[in-house]
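Structure record follows, encoded as structure tokens.
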Amino acid sequence: MRKKIFVIVLIVFIGIVFLLFLGGDKKKPVKQTAPTPIPIPSDFDKNYSNFNYLSPGKSTYNDVVSINGKPKTSSAFGKKTKLTYLTPNQDYENLVVLDNNTVTYAYEYVFSTYRGVLSEYLKTYGNPLKLYSKDPDGFDWYIFLGSGIGVEAADNLVTRVLYFIPQDKNSFMTNIAKDVGLSETPIEEIGEPF
Amino acid sequence: MRNITVIIILFLSFFILAASASAFVIETVIGNPTGEGLPRCTTLDANPRGCLSNDLNITVTGSFTDDQIRSIYNDFWRVAGKSRAYWELLKEAGPSVNEDNSLPGEGCFAKVENGNIYIQAYNKCSDTLLIHESGHVFAGKNSRYLIRRFPYEDEIKNSGAACVEDRCNNGHAFIKTYSLRDKSCDSTSNPYPEKCTFGVSPKGESFAEALVDYTTPGRIGRRSSTYCSVAIENYKSDCKNAYAWMRDNVFGGAEF
């Protein structure tokens with residue numbers, strides 16, 4: 001009897017230790033149930049966007065509005081439509097691009113770790129295509145062509161996530177990289193005189 | 001048997017409590033670093049490289065003399081000694097300071113690449129240069145998402161002519177002590193190709209400038225006599241948005 005109690009107590013404690021140290025704070029880039037639009041928070045640590053629920057190649061304009069609310073702006077270029085969305089920092093806007101009423105790609109800015117960290121994406125999606133931002137304030141990009149996802153990251157912190165229709169490198173460089181401002185070579189930085 | 005069970009339970013309880021407490025302490029120090037700044041290194045005379053490495057997680061490469069390394073330590077300590085938050089950021093980033101005499105121009109020049117600082121003619125540099133560059137280090141490493149949260153469009157750009165101006169350039173607003181405003185450009189449009197140099201961003205440079213200017217809350221003179229730097233008469237009141245943001249997000253409330 002005492003032995004049974006001992007074993008039960010031991011299992012409970014091991015369980016608590018396991019939950020405390022392994023189970024608590026993992027943030028994986030996993031899609032879950034259908035969302036509703038989130039008001040823009042002033043707290044940068046909170047998720048404010050549902051772009052991770054978009055399905056490029058399938059989602060339509062109505063899906064985008066249903067998932068993320070009405071856009072800040074909408075502009076048409078031939079068959080293409082660009083939608084912009086507010087972020088918690090006015091310096092940045094999220095973007096959705098539709099072609100023939102179907103999402104071709106979208107990106108969202110990330111201000112905390114709620115979309116996971118770079119190492120998790122590398123573990124989940126494998127070897128990326130490494131690209132560089134033409135924006136002097138931008139960071140390096142890791143594009144997972146076959147999975148239709150890319151992340152901008154610095155020191156493992158993800159700062160932007162790109163969702164697109166899976167495609168090969170040539171197609172990506174022609175159709176998306178140019179629009180987003182990504183290059184295969186890093187920009188040259190200059191020094192500062194004092 | 002009962003005694004053994006009790007001992008095991010007590011041991012496990014102690015382990016869980018101790019581990020939770022240390023996690024809390026780490027979170028408190030790293031996540032909200034307030035309190036005293038860095039105590040001055042007591043072995044600076046004998047071992048300046050060790051002081052930089054142990055206190056600030058900074059390594060130096062190149063032919064810096066011991067006097068120059070002490071001076072580098074003092075440049076950082078002037079700020080880290082007053083702000084534990086800045087000190088913690090610097091330690092987390094752990095940049096190297098590298099001598100690089102191949103930079104453009106003559107005299108003091110510096111740049112940041114991959115979170116590390118490259119510097120030319122350090123002897124001719126202002127003692128605030130490295131603090132400005134530390135802003136680029138934090139931005140380049142996206143330390144705590146600071147650069148992405150910095151409210152350039154919302155608050156800094158519209159701070160008024162006493163703080164920000166776009167003279168000398170193509171319409172971009174910078175905190176006006178910044179020297180190389182005439183070198184700025186968009187990555188997509190390039191209205192002044194002969195002047196435009198990628199890497200000079202109004203947001204990135206204003207972030208670095210806001211960081212270094214914060215440590216001089218009164219009058220800040222021109223940083224360079226040969227470039228577009230302009231004095232700010234009273235930084236704390238003239239650039240109050242940038243001042244408040246840096247105080248709350250970078251310096252943990254410490255003021256100079």
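In the structure tokens, the first chain shown is A, the next is B, and so on; residue numbers restart at 1 for each chain, and ligands run from 1 in the order shown.
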
Polymer residues at most 9 Å from Tyr235 (chain B), only C-alpha atoms, same-chain spacing of 5 or more positions, as a PyMOL selection string:
chain B and resi 162-163+213-214+216-220+240+243

Extract, using only C-alpha atoms, all DNA, RNA and protein residues at most 8 Å from Tyr105 (chain A), discarding same-chain residues fewer than 5 positions from it, and format them as a VMD selection string.
chain A and resid 56 96 to 98 162 to 165 176

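By only C-alpha atoms, and with residues fewer than 2 positions from Ser112 (chain A) along its chain excluded, the set lying at most 10 Å from it is A:Asp43, A:Phe44, A:Asp45, A:Lys46, A:Asn47, A:Tyr109, A:Val110, A:Tyr114, A:Arg115, A:Gly116, A:Val117, A:Leu157, A:Val158, A:Thr159, B:Arg144, B:Tyr145, B:Arg148, B:Arg149.
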
Which residues are close to Met173 (chain A), i.e. within 9 Å by only C-alpha atoms, leaving aside same-chain residues fewer than 4 positions away? Reply as a CSV table (one decimal) with N, CA and C atoms, in the first residue's frame.
chain,number,residue,atom,x,y,z
A,168,ASP,N,8.3,27.6,-57.1
A,168,ASP,CA,9.8,27.5,-57.2
A,168,ASP,C,10.5,28.8,-57.0
A,169,LYS,N,11.8,28.8,-56.9
A,169,LYS,CA,12.6,30.0,-56.7
A,169,LYS,C,12.4,31.1,-57.7
A,177,ALA,N,9.3,38.4,-54.5
A,177,ALA,CA,10.5,39.0,-53.9
A,177,ALA,C,10.6,40.4,-54.3
A,178,LYS,N,10.4,40.7,-55.6
A,178,LYS,CA,10.6,42.0,-56.1
A,178,LYS,C,9.6,43.0,-55.5
A,182,LEU,N,12.9,42.2,-51.7
A,182,LEU,CA,13.9,41.2,-51.2
A,182,LEU,C,14.9,40.9,-52.3
A,183,SER,N,16.1,40.7,-51.9
A,183,SER,CA,17.2,40.5,-52.8
A,183,SER,C,18.1,39.3,-52.4

Using DSSP on the backbone coordinates, identify the residues of region 109-163 of chain A assigned to strand (DSSP E or B); present them as an NGL selection string.
:A and (109 or 117 or 129-133 or 140-144 or 149-154 or 157-163)

Could you give me the residues within region 200-255 of chain B that DSSP places in helix (DSSP H, G or I), as a PyMOL selection string?
chain B and resi 202-214+235-238+240-249
